[in-house]
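Engineer: My structure is stored as model-v2.txt, with compact mmCIF, C-alpha atoms.
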```txt
# COMPACT_ATOMS: atom_id res chain seq x y z
CA MET A 1 -12.08 -35.83 -1.26
CA VAL A 2 -10.99 -34.23 2.05
CA MET A 3 -8.43 -31.48 1.89
CA PHE A 4 -7.16 -28.77 4.23
CA THR A 5 -7.84 -25.08 4.33
CA ARG A 6 -7.58 -22.28 6.86
CA MET A 7 -10.06 -20.34 8.95
CA GLY A 8 -9.83 -16.56 9.26
CA ASP A 9 -7.85 -16.95 12.49
CA GLY A 10 -5.25 -19.16 10.82
CA ARG A 11 -6.49 -22.54 12.13
CA ARG A 12 -6.01 -25.44 9.71
CA VAL A 13 -9.26 -27.34 9.14
CA GLU A 14 -10.54 -30.07 6.88
CA THR A 15 -12.82 -29.14 4.01
CA THR A 16 -14.15 -30.41 0.68
CA ARG A 17 -14.43 -28.79 -2.74
CA LYS A 18 -18.17 -28.52 -2.26
CA GLN A 19 -17.73 -26.67 1.03
CA VAL A 20 -15.19 -24.37 -0.61
CA ILE A 21 -17.57 -23.50 -3.43
CA ASP A 22 -20.48 -22.97 -1.01
CA ASP A 23 -18.32 -20.59 1.02
CA ILE A 24 -17.21 -18.74 -2.12
CA TYR A 25 -20.83 -18.00 -2.97
CA LEU A 26 -21.61 -16.96 0.60
CA GLY A 27 -18.58 -14.65 0.80
CA MET A 28 -19.37 -13.15 -2.56
CA SER A 29 -23.01 -12.51 -1.56
CA HIS A 30 -21.87 -10.81 1.61
CA ALA A 31 -19.62 -8.52 -0.44
CA ALA A 32 -22.43 -7.69 -2.83
CA GLU A 33 -24.69 -6.86 0.13
CA CYS A 34 -22.10 -4.56 1.75
CA SER A 35 -20.65 -2.74 -1.22
CA GLU A 36 -23.15 -3.46 -4.03
CA ALA A 37 -20.33 -5.19 -5.88
CA LYS A 38 -21.02 -7.26 -8.98
CA PRO A 39 -20.73 -11.02 -8.22
CA LEU A 40 -17.96 -13.07 -9.79
CA SER A 41 -18.84 -15.03 -12.93
CA GLY A 42 -19.20 -18.81 -12.98
CA ASP A 43 -15.75 -19.14 -14.56
CA GLU A 44 -14.20 -16.91 -11.91
CA VAL A 45 -15.82 -18.96 -9.14
CA ASP A 46 -14.40 -22.15 -10.68
CA HIS A 47 -10.97 -20.54 -11.03
CA LEU A 48 -11.05 -19.46 -7.39
CA ALA A 49 -12.13 -22.93 -6.27
CA ASP A 50 -9.27 -24.45 -8.30
CA ILE A 51 -6.80 -22.15 -6.56
CA LEU A 52 -8.17 -22.89 -3.10
CA CYS A 53 -8.32 -26.66 -3.68
CA SER A 54 -4.84 -26.99 -5.25
CA GLU A 55 -2.58 -29.52 -3.67
CA GLY A 56 0.65 -27.54 -3.40
CA LYS A 57 1.56 -25.75 -0.19
CA VAL A 58 2.82 -22.68 -2.07
CA LEU A 59 1.20 -21.40 -5.26
CA GLY A 60 2.32 -18.75 -7.73
CA VAL A 61 1.03 -16.88 -10.74
CA ALA A 62 1.73 -18.07 -14.26
CA PRO A 63 4.86 -16.54 -15.87
CA GLY A 64 4.05 -13.15 -17.37
CA ASN A 65 1.43 -12.34 -14.73
CA GLU A 66 3.82 -11.01 -12.11
CA VAL A 67 2.89 -7.77 -10.34
CA VAL A 68 4.86 -5.29 -8.27
CA LEU A 69 5.02 -4.79 -4.51
CA THR A 70 4.54 -1.80 -2.26
CA GLU A 71 4.45 -2.03 1.52
CA ASP A 72 3.83 -0.16 4.74
CA GLY A 73 5.71 0.06 7.99
CA GLY A 74 9.07 0.44 6.30
CA PRO A 75 12.32 -0.85 7.81
CA TYR A 76 10.86 -1.54 11.23
CA LYS A 77 9.20 -4.77 10.09
CA LEU A 78 12.56 -6.49 10.50
CA MET A 79 13.53 -4.62 13.64
CA ILE A 80 10.53 -4.18 15.87
CA ASP A 81 8.97 -6.47 18.49
CA SER A 82 6.05 -8.85 18.00
CA GLY A 83 3.59 -6.10 18.96
CA SER A 84 3.86 -5.07 15.32
CA SER A 85 4.76 -8.58 14.11
CA GLY A 86 8.38 -7.56 13.69
CA ASN A 87 11.30 -9.98 13.56
CA GLY A 88 13.16 -8.33 16.43
CA ILE A 89 16.50 -8.00 14.60
CA ASP A 90 18.25 -4.85 15.80
CA MET A 91 19.87 -3.09 12.86
CA SER A 92 20.02 0.34 11.28
CA ARG A 93 17.18 1.57 9.09
CA THR A 94 19.58 1.83 6.14
CA GLU A 95 20.58 -1.84 6.51
CA SER A 96 16.98 -2.95 6.86
CA ILE A 97 15.93 -1.04 3.74
CA MET A 98 18.81 -2.54 1.74
CA VAL A 99 17.86 -6.06 2.95
CA HIS A 100 14.29 -5.46 1.80
CA GLU A 101 15.50 -4.17 -1.57
CA ARG A 102 18.16 -6.77 -2.33
CA ALA A 103 17.15 -9.92 -0.43
CA LEU A 104 13.40 -9.68 0.06
CA GLY A 105 12.42 -8.58 -3.44
CA MET A 106 10.70 -5.28 -2.71
CA ASP A 107 9.97 -3.12 -5.76
CA SER A 108 9.55 0.06 -3.72
CA PHE A 109 10.14 0.91 -0.08
CA GLN A 110 9.95 3.65 2.48
CA LEU A 111 11.84 5.28 5.26
CA ALA A 112 9.74 5.64 8.39
CA HIS A 113 9.90 6.70 12.03
CA ILE A 114 9.34 4.06 14.70
CA ASP A 115 6.44 6.19 15.96
CA TYR A 116 4.83 5.82 12.57
CA SER A 117 2.44 8.79 12.61
CA ILE A 118 2.32 12.19 10.91
CA LYS A 119 2.12 14.03 14.26
CA ALA A 120 5.18 12.22 15.64
CA VAL A 121 7.32 12.90 12.57
CA LYS A 122 6.83 16.67 12.61
CA PRO A 123 9.21 17.46 15.50
CA ILE A 124 12.02 15.26 14.10
CA ILE A 125 11.61 16.11 10.43
CA SER A 126 15.13 17.47 10.07
CA TYR A 127 16.62 14.20 11.32
CA GLU A 128 14.39 12.22 8.93
CA MET A 129 15.42 14.44 6.00
CA MET A 130 19.08 13.79 6.80
CA VAL A 131 18.63 10.00 7.02
CA LEU A 132 16.55 9.98 3.84
CA GLU A 133 19.40 11.61 1.89
CA LYS A 134 21.86 8.99 3.14
CA VAL A 135 19.56 6.06 2.35
CA GLN A 136 18.76 7.45 -1.12
CA ALA A 137 22.48 7.43 -1.87
CA MET A 138 22.59 3.67 -1.28
CA THR A 139 19.29 2.34 -2.68
CA ILE A 140 17.76 1.89 -6.11
CA VAL A 141 14.04 1.18 -5.63
CA PRO A 142 11.67 4.18 -5.46
CA LEU A 143 12.04 5.25 -1.83
CA PHE A 144 9.15 7.00 -0.15
CA TYR A 145 8.71 8.38 3.29
CA GLY A 146 5.79 6.73 5.06
CA ALA A 147 3.51 7.50 7.98
CA MET A 148 -0.03 6.93 9.14
CA PRO A 149 -2.24 10.02 9.31
CA ASN A 150 -3.48 8.52 12.62
CA MET A 151 -5.66 11.54 13.37
CA GLY A 152 -6.63 10.02 16.72
CA LEU A 153 -3.38 11.51 18.08
CA TYR A 154 -4.77 15.00 17.48
CA TYR A 155 -7.53 14.46 20.05
CA LYS A 156 -7.18 14.83 23.82
CA PRO A 157 -5.35 13.53 25.81
CA ASP A 158 -2.65 13.17 23.11
CA GLY A 159 -3.48 16.28 21.11
CA PRO A 160 -5.05 19.72 21.34
CA PHE A 161 -8.58 18.99 20.09
CA GLY A 162 -11.58 17.75 22.04
CA ASN A 163 -12.13 14.02 21.71
CA PRO A 164 -15.31 13.30 19.69
CA ALA A 165 -15.79 9.95 21.47
CA ASP A 166 -15.90 11.73 24.86
CA LEU A 167 -18.06 14.59 23.55
CA MET A 168 -20.60 12.28 21.92
CA ARG A 169 -20.95 10.34 25.18
CA GLU A 170 -22.11 13.65 26.67
CA PHE A 171 -24.48 14.17 23.69
CA LYS A 172 -22.40 17.16 22.51
CA ILE A 173 -22.74 16.13 18.87
CA GLU A 174 -22.17 19.52 17.23
CA GLU A 175 -19.13 20.20 19.37
CA ALA A 176 -17.76 16.72 18.50
CA GLN A 177 -18.19 17.46 14.80
CA HIS A 178 -16.53 20.86 15.16
CA GLU A 179 -13.49 19.33 16.92
CA ALA A 180 -13.21 16.63 14.25
CA GLU A 181 -13.28 19.27 11.50
CA ALA A 182 -10.57 21.29 13.28
CA ALA A 183 -8.39 18.18 13.66
CA SER A 184 -8.98 17.38 9.99
CA ASP A 185 -7.69 20.83 8.96
CA ALA A 186 -4.71 20.47 11.29
CA ILE A 187 -3.65 17.15 9.84
CA ALA A 188 -3.90 18.55 6.30
CA GLN A 189 -1.52 21.35 7.31
CA ASP A 190 0.90 18.92 8.96
CA ILE A 191 0.87 16.72 5.87
CA GLU A 192 1.82 19.76 3.79
CA PHE A 193 4.60 20.67 6.24
CA ILE A 194 6.12 17.19 6.27
CA THR A 195 5.77 16.35 2.58
CA ASP A 196 7.35 19.66 1.51
CA ARG A 197 10.43 18.73 3.51
CA ILE A 198 10.52 15.08 2.41
CA MET A 199 10.44 16.12 -1.24
CA ALA A 200 13.11 18.77 -0.57
CA ALA A 201 15.34 16.01 0.83
CA GLY A 202 15.04 13.94 -2.34
CA GLY A 203 12.19 11.64 -1.38
CA GLU A 204 10.35 10.15 -4.35
CA GLY A 205 7.02 10.62 -2.59
CA PHE A 206 4.91 9.66 0.37
CA ASN A 207 3.02 6.59 1.53
CA PHE A 208 -0.07 7.40 3.62
CA ASP A 209 -0.73 4.21 5.56
CA THR A 210 -3.96 3.17 7.31
CA THR A 211 -5.82 6.24 6.07
CA ALA A 212 -9.17 6.84 7.80
CA SER A 213 -8.20 4.91 10.94
CA ALA A 214 -9.80 7.73 12.96
CA GLY A 215 -12.85 7.77 10.73
CA ASP A 216 -14.30 10.10 8.15
CA ALA A 217 -12.60 13.30 9.35
CA ASP A 218 -9.23 11.50 9.13
CA PHE A 219 -10.03 10.47 5.53
CA ALA A 220 -11.15 13.97 4.52
CA GLY A 221 -8.14 15.62 6.21
CA THR A 222 -5.69 13.24 4.55
CA LEU A 223 -7.23 13.85 1.13
CA LYS A 224 -6.94 17.61 1.69
CA GLY A 225 -3.30 17.16 2.68
CA ILE A 226 -2.62 15.04 -0.42
CA GLU A 227 -4.23 17.71 -2.58
CA LYS A 228 -1.79 20.26 -1.14
CA MET A 229 1.16 17.90 -1.72
CA ARG A 230 0.11 17.25 -5.33
CA LYS A 231 -0.23 20.97 -6.02
CA SER A 232 3.23 21.78 -4.62
CA HIS A 233 4.95 18.69 -6.03
CA PRO A 234 3.21 17.73 -9.28
CA ASP A 235 5.69 14.93 -10.08
CA SER A 236 5.75 13.31 -6.62
CA TYR A 237 4.66 9.70 -6.13
CA ILE A 238 1.75 9.36 -3.72
CA VAL A 239 0.49 6.07 -2.34
CA MET A 240 -2.60 5.96 -0.15
CA GLY A 241 -3.53 2.78 1.69
CA MET A 242 -6.70 2.50 3.72
CA SER A 243 -7.15 1.13 7.23
CA ALA A 244 -10.50 -0.63 6.85
CA GLU A 245 -12.90 -1.53 4.11
CA ASN A 246 -15.32 1.29 4.76
CA VAL A 247 -14.92 4.75 6.19
CA LEU A 248 -16.25 5.01 9.72
CA GLY A 249 -18.77 7.84 10.11
CA ILE A 250 -17.68 9.30 13.43
CA HIS A 251 -18.42 12.86 12.25
CA GLY A 252 -21.12 11.59 9.92
CA GLU A 253 -21.42 14.60 7.62
CA ILE A 254 -17.90 15.70 6.72
CA GLU A 255 -17.30 15.98 2.99
CA TYR A 256 -14.49 15.94 0.47
CA ASP A 257 -15.13 17.42 -2.97
CA GLY A 258 -18.82 17.78 -2.14
CA LYS A 259 -19.23 14.12 -1.18
CA VAL A 260 -19.99 12.82 2.31
CA VAL A 261 -17.17 10.36 2.98
CA ALA A 262 -18.76 8.33 5.80
CA GLY A 263 -19.60 4.78 4.73
CA LEU A 264 -17.66 4.80 1.46
CA TYR A 265 -16.38 1.45 0.16
CA PRO A 266 -13.16 0.99 -1.88
CA HIS A 267 -14.74 1.61 -5.32
CA GLU A 268 -15.94 4.99 -4.03
CA GLN A 269 -12.85 5.77 -1.92
CA VAL A 270 -10.59 5.41 -4.95
CA LYS A 271 -12.50 8.07 -6.92
CA LEU A 272 -11.80 10.64 -4.21
CA ALA A 273 -8.19 9.47 -3.99
CA GLU A 274 -7.82 10.03 -7.74
CA LYS A 275 -9.33 13.50 -7.38
CA ALA A 276 -6.88 14.43 -4.62
CA GLY A 277 -3.90 13.33 -6.71
CA VAL A 278 -3.01 9.84 -5.46
CA ASN A 279 -0.96 7.68 -7.88
CA VAL A 280 -1.52 4.26 -6.30
CA PHE A 281 -4.48 3.33 -4.11
CA GLY A 282 -4.49 0.50 -1.59
CA PRO A 283 -7.98 -0.92 -0.91
CA VAL A 284 -8.57 -2.90 2.25
CA VAL A 285 -11.01 -5.74 2.92
CA ASN A 286 -11.15 -7.00 6.48
CA THR A 287 -10.89 -10.70 7.35
CA ASN A 288 -13.62 -12.34 9.43
CA THR A 289 -11.78 -14.68 11.80
CA SER A 290 -14.83 -16.96 12.19
CA LYS A 291 -15.18 -17.63 8.47
CA SER A 292 -13.15 -19.83 6.12
CA LEU A 293 -10.42 -18.77 3.72
CA ALA A 294 -12.80 -19.38 0.83
CA TRP A 295 -15.43 -17.08 2.34
CA ASN A 296 -12.94 -14.34 3.18
CA LEU A 297 -11.06 -14.49 -0.11
CA ALA A 298 -14.20 -14.56 -2.27
CA ARG A 299 -15.51 -11.56 -0.40
CA ALA A 300 -12.21 -9.70 -0.70
CA ILE A 301 -11.83 -10.41 -4.40
CA THR A 302 -15.39 -9.29 -5.16
CA ILE A 303 -14.86 -5.94 -3.45
CA VAL A 304 -11.34 -5.36 -4.81
CA LYS A 305 -12.34 -6.26 -8.38
CA GLN A 306 -15.09 -3.66 -8.14
CA CYS A 307 -12.49 -1.12 -6.99
CA GLU A 308 -10.09 -2.01 -9.82
CA THR A 309 -12.84 -1.69 -12.40
CA ALA A 310 -13.85 1.75 -11.08
CA SER A 311 -10.30 3.04 -10.77
CA LYS A 312 -8.29 4.99 -13.34
CA ILE A 313 -5.14 4.69 -11.19
CA PRO A 314 -3.26 1.50 -10.24
CA CYS A 315 -4.57 -0.34 -7.19
CA HIS A 316 -2.26 -2.28 -4.88
CA VAL A 317 -4.50 -4.35 -2.65
CA ASN A 318 -3.57 -4.39 1.03
CA MET A 319 -2.69 -7.96 1.90
CA GLY A 320 -1.31 -9.30 5.15
CA MET A 321 -2.56 -10.50 8.47
CA GLY A 322 -6.27 -9.84 8.63
CA VAL A 323 -6.69 -8.09 5.27
CA GLY A 324 -7.12 -9.10 1.65
CA GLY A 325 -8.56 -12.49 2.59
CA ILE A 326 -5.47 -13.51 4.55
CA PRO A 327 -5.99 -15.01 8.03
CA MET A 328 -5.54 -12.82 11.08
CA SER A 329 -2.41 -14.42 12.48
CA GLU A 330 0.97 -13.00 13.54
CA THR A 331 2.69 -15.45 11.18
CA PRO A 332 0.25 -15.76 8.27
CA PRO A 333 0.50 -19.27 6.77
CA ILE A 334 2.19 -19.31 3.36
CA ASP A 335 -0.44 -21.68 1.92
CA ALA A 336 -3.10 -19.02 2.53
CA VAL A 337 -0.90 -16.06 1.58
CA SER A 338 0.12 -17.56 -1.76
CA ARG A 339 -3.46 -18.58 -2.65
CA CYS A 340 -4.80 -15.14 -1.80
CA SER A 341 -2.05 -13.39 -3.77
CA LYS A 342 -2.54 -15.58 -6.85
CA ALA A 343 -6.29 -15.07 -6.76
CA MET A 344 -6.01 -11.30 -6.37
CA VAL A 345 -3.76 -11.09 -9.43
CA GLU A 346 -5.63 -13.53 -11.66
CA ILE A 347 -9.25 -12.76 -10.73
CA ALA A 348 -9.34 -9.23 -9.25
CA HIS A 349 -6.59 -8.13 -11.73
CA VAL A 350 -4.78 -5.98 -9.18
CA ASP A 351 -1.86 -3.82 -10.35
CA GLY A 352 0.19 -4.73 -7.32
CA ILE A 353 0.16 -5.98 -3.77
CA MET W 354 5.74 3.82 -14.46
CA GLU W 355 2.77 3.12 -12.19
CA PHE W 356 3.85 6.03 -10.00
CA ALA W 357 5.32 8.31 -12.64
CA LYS W 358 2.62 7.92 -15.30
CA ASN W 359 -0.34 6.36 -13.41
CA MET W 360 -0.08 3.33 -15.69
CA LYS W 361 -1.94 0.16 -14.76
CA ILE W 362 0.28 -2.93 -14.47
CA ASP W 363 -0.06 -4.31 -18.01
CA LYS W 364 0.69 -0.98 -19.67
CA ALA W 365 3.56 -0.30 -17.21
CA LYS W 366 5.14 -3.67 -17.96
CA GLU W 367 4.74 -3.13 -21.70
CA ALA W 368 6.37 0.30 -21.50
CA VAL W 369 9.33 -0.87 -19.40
CA SER W 370 9.92 -4.10 -21.32
CA LYS W 371 10.10 -2.07 -24.55
CA LYS W 372 12.73 0.23 -23.05
CA LEU W 373 14.71 -2.77 -21.80
CA GLY W 374 14.41 -4.63 -25.09
CA VAL W 375 12.87 -7.72 -23.51
CA ASP W 376 9.40 -9.26 -23.36
CA LYS W 377 7.24 -9.51 -20.23
CA TYR W 378 8.42 -13.07 -19.52
CA GLU W 379 12.08 -12.11 -19.71
CA MET W 380 11.49 -9.04 -17.53
CA ALA W 381 10.56 -11.35 -14.65
CA ASP W 382 13.25 -13.92 -15.46
CA GLU W 383 15.98 -13.83 -12.81
CA THR W 384 18.64 -15.19 -15.18
CA VAL W 385 17.92 -12.71 -17.97
CA MET W 386 17.55 -9.71 -15.68
CA ARG W 387 20.73 -10.41 -13.67
CA GLU W 388 22.82 -10.01 -16.79
CA LEU W 389 20.77 -7.19 -18.25
CA ARG W 390 20.87 -5.14 -15.05
CA GLU W 391 24.67 -5.43 -15.00
CA GLU W 392 24.93 -4.48 -18.67
CA LEU W 393 22.68 -1.45 -18.25
CA GLY W 394 24.17 -0.36 -14.91
CA ILE W 395 20.80 -0.17 -13.18
CA GLY W 396 21.73 -1.99 -9.99
CA LEU W 397 22.16 -5.59 -8.88
CA VAL W 398 20.82 -7.67 -6.01
CA THR W 399 24.27 -9.20 -5.54
CA GLY W 400 27.35 -7.33 -4.37
CA MET W 401 29.68 -6.58 -7.26
CA PRO W 402 32.52 -4.08 -6.90
CA GLY W 403 32.23 -1.32 -9.48
CA ALA W 404 28.60 -1.98 -10.34
CA PRO W 405 26.49 1.18 -10.05
CA PHE W 406 24.28 1.30 -6.99
CA GLY W 407 22.22 4.01 -5.33
CA VAL W 408 22.28 7.36 -7.12
CA PRO W 409 24.46 6.36 -10.12
CA ALA W 410 22.17 3.37 -10.78
CA LYS W 411 19.09 5.57 -10.50
CA MET W 412 20.61 8.10 -12.93
CA ASN W 413 21.06 5.26 -15.41
CA ILE W 414 17.40 4.33 -14.86
CA GLU W 415 16.41 7.95 -15.53
CA GLY W 416 18.16 7.87 -18.88
CA LEU W 417 16.77 4.47 -19.81
CA LEU W 418 13.13 5.20 -18.96
CA GLY W 419 13.07 8.90 -19.81
CA LEU W 420 12.08 9.91 -16.28
CA LYS W 421 13.27 12.52 -13.85
CA ILE W 422 13.87 10.96 -10.44
CA ASN W 423 13.63 13.34 -7.49
CA SER W 424 16.51 11.86 -5.50
CA CYS W 425 18.80 12.17 -8.54
CA GLU W 426 17.75 15.78 -9.03
CA HIS W 427 18.43 16.44 -5.35
CA PHE W 428 21.96 15.07 -5.65
CA ARG W 429 22.59 16.94 -8.90
CA ASN W 430 21.62 20.16 -7.09
CA MET W 431 24.34 19.44 -4.51
CA LEU W 432 27.09 19.50 -7.13
CA LYS W 433 29.14 22.68 -7.12
CA ARG W 434 30.33 22.34 -10.70
```
Would you encode the structure as structure tokens?
Structural biologist:
Amino acid sequence: MVMFTRMGDGRRVETTRKQVIDDIYLGMSHAAECSEAKPLSGDEVDHLADILCSEGKVLGVAPGNEVVLTEDGGPYKLMIDSGSSGNGIDMSRTESIMVHERALGMDSFQLAHIDYSIKAVKPIISYEMMVLEKVQAMTIVPLFYGAMPNMGLYYKPDGPFGNPADLMREFKIEEAQHEAEAASDAIAQDIEFITDRIMAAGGEGFNFDTTASAGDADFAGTLKGIEKMRKSHPDSYIVMGMSAENVLGIHGEIEYDGKVVAGLYPHEQVKLAEKAGVNVFGPVVNTNTSKSLAWNLARAITIVKQCETASKIPCHVNMGMGVGGIPMSETPPIDAVSRCSKAMVEIAHVDGI
Amino acid sequence: MEFAKNMKIDKAKEAVSKKLGVDKYEMADETVMRELREELGIGLVTGMPGAPFGVPAKMNIEGLLGLKINSCEHFRNMLKR
């Protein structure tokens, strides 16, 4: 029987159940090769095939299996331009947060700066503290402050430290590593500065989005910053979401807690996150735009299930355009989104999305 | 409870549903929870004059779940008496 599915770039294509199952096995094998993850069982493969081959446009979990939602980007998702896939509706941050809480079903949310990076927040922290107090007076869901570590901004030309990419081109490897380590220490200090003030303003905690986007030194620096936050604010809520499925080894040798962080996959990343004091970890699995939904989702579920099994803390899988099996498309199709979400809950047993 | 106590989803739902006096199916039932949220004063998704929202709703949640919520503590610290 011919049915429709999606490719990783969002295109709708014809497929068959046999092709779906073949792609599930291929995606799963790829995951096992990359992250040494345990393959799904025969029953889990059948369950996944059933989900992918279901007739309905929109699928859901069975009653009782609902999970909770966290997010990144904060209020700007409704307000910003299509460069960040925003809806382009100009409104205040307070209004946007209340819409997300009351009309869009969010279980937690965050206040954020439009320039959504730790370095950019530092000079306006007093303004953000003031707005946070006002928004907290109006909202009920746990309200974080969110930002990306985005350690790339600490390198020249945007920041004070030498750019490892430029230095490595000139074969100055040791100098590149030294600059990365210095930037890593700087971001840890800035995280401490900002989170102290967010907690003082009544924030429930912090969401570190797209951690390790600038590679292994970014990951190590963020973990060091989180450790400082946990020590100063033992009851704070800390969410850490990753930027990619493995940590890019730009430095190559930088460590956290005696472990080299370059090349780590989610089941290893989460152990360091636990050590640093993270409450909720957000694993990422990247979508391959040339492969089918079945391939991408099987691969994502295999890696995320491995992370969930290894983790002592809740895991909220990153899902959205280009991650968690979902096609890379500005308007991700609901047929794919709902299938991926259902499969992540029922097969990978995630604690949230 | 996931944030406050590092509970995985099943344990978190069990803990909260016990405090609310419902089961896990009712906790995700829009009809049940609309009435229960109004009764407990823990905030509504619809606009109802007089219904607790924001800090008062969160203070009711604190009492119900036995948690200390940072934003509530921050506002308590602002009180002069």
Engineer: Using only C-alpha atoms, determine which residues of chain A fall within 10 Å of chain W; present them as a count of residues only.
Structural biologist: 52
Engineer: Could you jot down the CA of Ala348 (chain A) to CA of Leu264 (chain A) separation for me, Å, one decimal place?
Structural biologist: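 For CA of Ala348 (chain A) relative to CA of Leu264 (chain A), the distance reads 19.5 Å.
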Engineer: Excluding Lys57 (chain A) and residues on its chain fewer than 6 positions from it, collect all residues at most 12 Å away from it, counting all atoms listed in the file, and give them as a list of chain:residue names.
Structural biologist: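 After dropping sequence-adjacent residues, the list is A:Met3, A:Phe4, A:Thr5, A:Ile51, A:Pro333, A:Ile334, A:Asp335, A:Ala336, A:Val337, A:Ser338, A:Arg339.
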Engineer: Mind pulling up the distance from CA of Glu179 (chain A) to CA of Pro164 (chain A)?
Structural biologist: 6.9 Å
Engineer: Using all atoms listed in the file, which residues sit within 12 Å of Ile326 (chain A) once same-chain residues fewer than 2 positions away are excluded, as a PyMOL selection string?
Structural biologist: chain A and resi 5-11+284-289+291-301+317-324+328-344
Engineer: Could you rebuild region 103-122 of chain A with N, CA and C atoms and give me the result as a tab-separated table (two decimals), keeping the file's coordinate frame?
Structural biologist:
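And here's result28.tsv as it stands now:
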```tsv
chain	number	residue	atom	x	y	z
A	103	ALA	N	17.36	-8.52	-0.79
A	103	ALA	CA	17.15	-9.92	-0.43
A	103	ALA	C	15.67	-10.31	-0.35
A	104	LEU	N	14.80	-9.34	-0.13
A	104	LEU	CA	13.40	-9.68	0.06
A	104	LEU	C	12.52	-9.27	-1.12
A	105	GLY	N	13.14	-8.76	-2.18
A	105	GLY	CA	12.42	-8.58	-3.44
A	105	GLY	C	11.45	-7.42	-3.50
A	106	MET	N	11.63	-6.41	-2.66
A	106	MET	CA	10.70	-5.28	-2.71
A	106	MET	C	10.96	-4.42	-3.95
A	107	ASP	N	9.87	-3.96	-4.56
A	107	ASP	CA	9.97	-3.12	-5.76
A	107	ASP	C	9.95	-1.64	-5.42
A	108	SER	N	9.51	-1.31	-4.21
A	108	SER	CA	9.55	0.06	-3.72
A	108	SER	C	9.67	-0.08	-2.22
A	109	PHE	N	10.04	1.00	-1.54
A	109	PHE	CA	10.14	0.91	-0.08
A	109	PHE	C	10.00	2.29	0.52
A	110	GLN	N	10.10	2.35	1.83
A	110	GLN	CA	9.95	3.65	2.48
A	110	GLN	C	10.84	3.75	3.69
A	111	LEU	N	11.23	4.98	3.98
A	111	LEU	CA	11.84	5.28	5.26
A	111	LEU	C	10.69	5.65	6.19
A	112	ALA	N	10.81	5.32	7.45
A	112	ALA	CA	9.74	5.64	8.39
A	112	ALA	C	10.32	5.83	9.78
A	113	HIS	N	9.56	6.48	10.62
A	113	HIS	CA	9.90	6.70	12.03
A	113	HIS	C	9.26	5.57	12.83
A	114	ILE	N	9.90	5.17	13.91
A	114	ILE	CA	9.34	4.06	14.70
A	114	ILE	C	7.96	4.43	15.27
A	115	ASP	N	7.77	5.71	15.57
A	115	ASP	CA	6.44	6.19	15.96
A	115	ASP	C	5.78	6.67	14.68
A	116	TYR	N	5.14	5.75	14.01
A	116	TYR	CA	4.83	5.82	12.57
A	116	TYR	C	3.59	6.68	12.29
A	117	SER	N	3.61	7.91	12.77
A	117	SER	CA	2.44	8.79	12.61
A	117	SER	C	2.88	10.17	12.18
A	118	ILE	N	2.03	10.84	11.42
A	118	ILE	CA	2.32	12.19	10.91
A	118	ILE	C	2.69	13.13	12.06
A	119	LYS	N	1.89	13.09	13.15
A	119	LYS	CA	2.12	14.03	14.26
A	119	LYS	C	3.48	13.79	14.91
A	120	ALA	N	3.91	12.55	14.98
A	120	ALA	CA	5.18	12.22	15.64
A	120	ALA	C	6.39	12.58	14.79
A	121	VAL	N	6.20	12.62	13.48
A	121	VAL	CA	7.32	12.90	12.57
A	121	VAL	C	7.64	14.40	12.56
A	122	LYS	N	6.64	15.21	12.75
A	122	LYS	CA	6.83	16.67	12.61
A	122	LYS	C	8.00	17.22	13.44
```
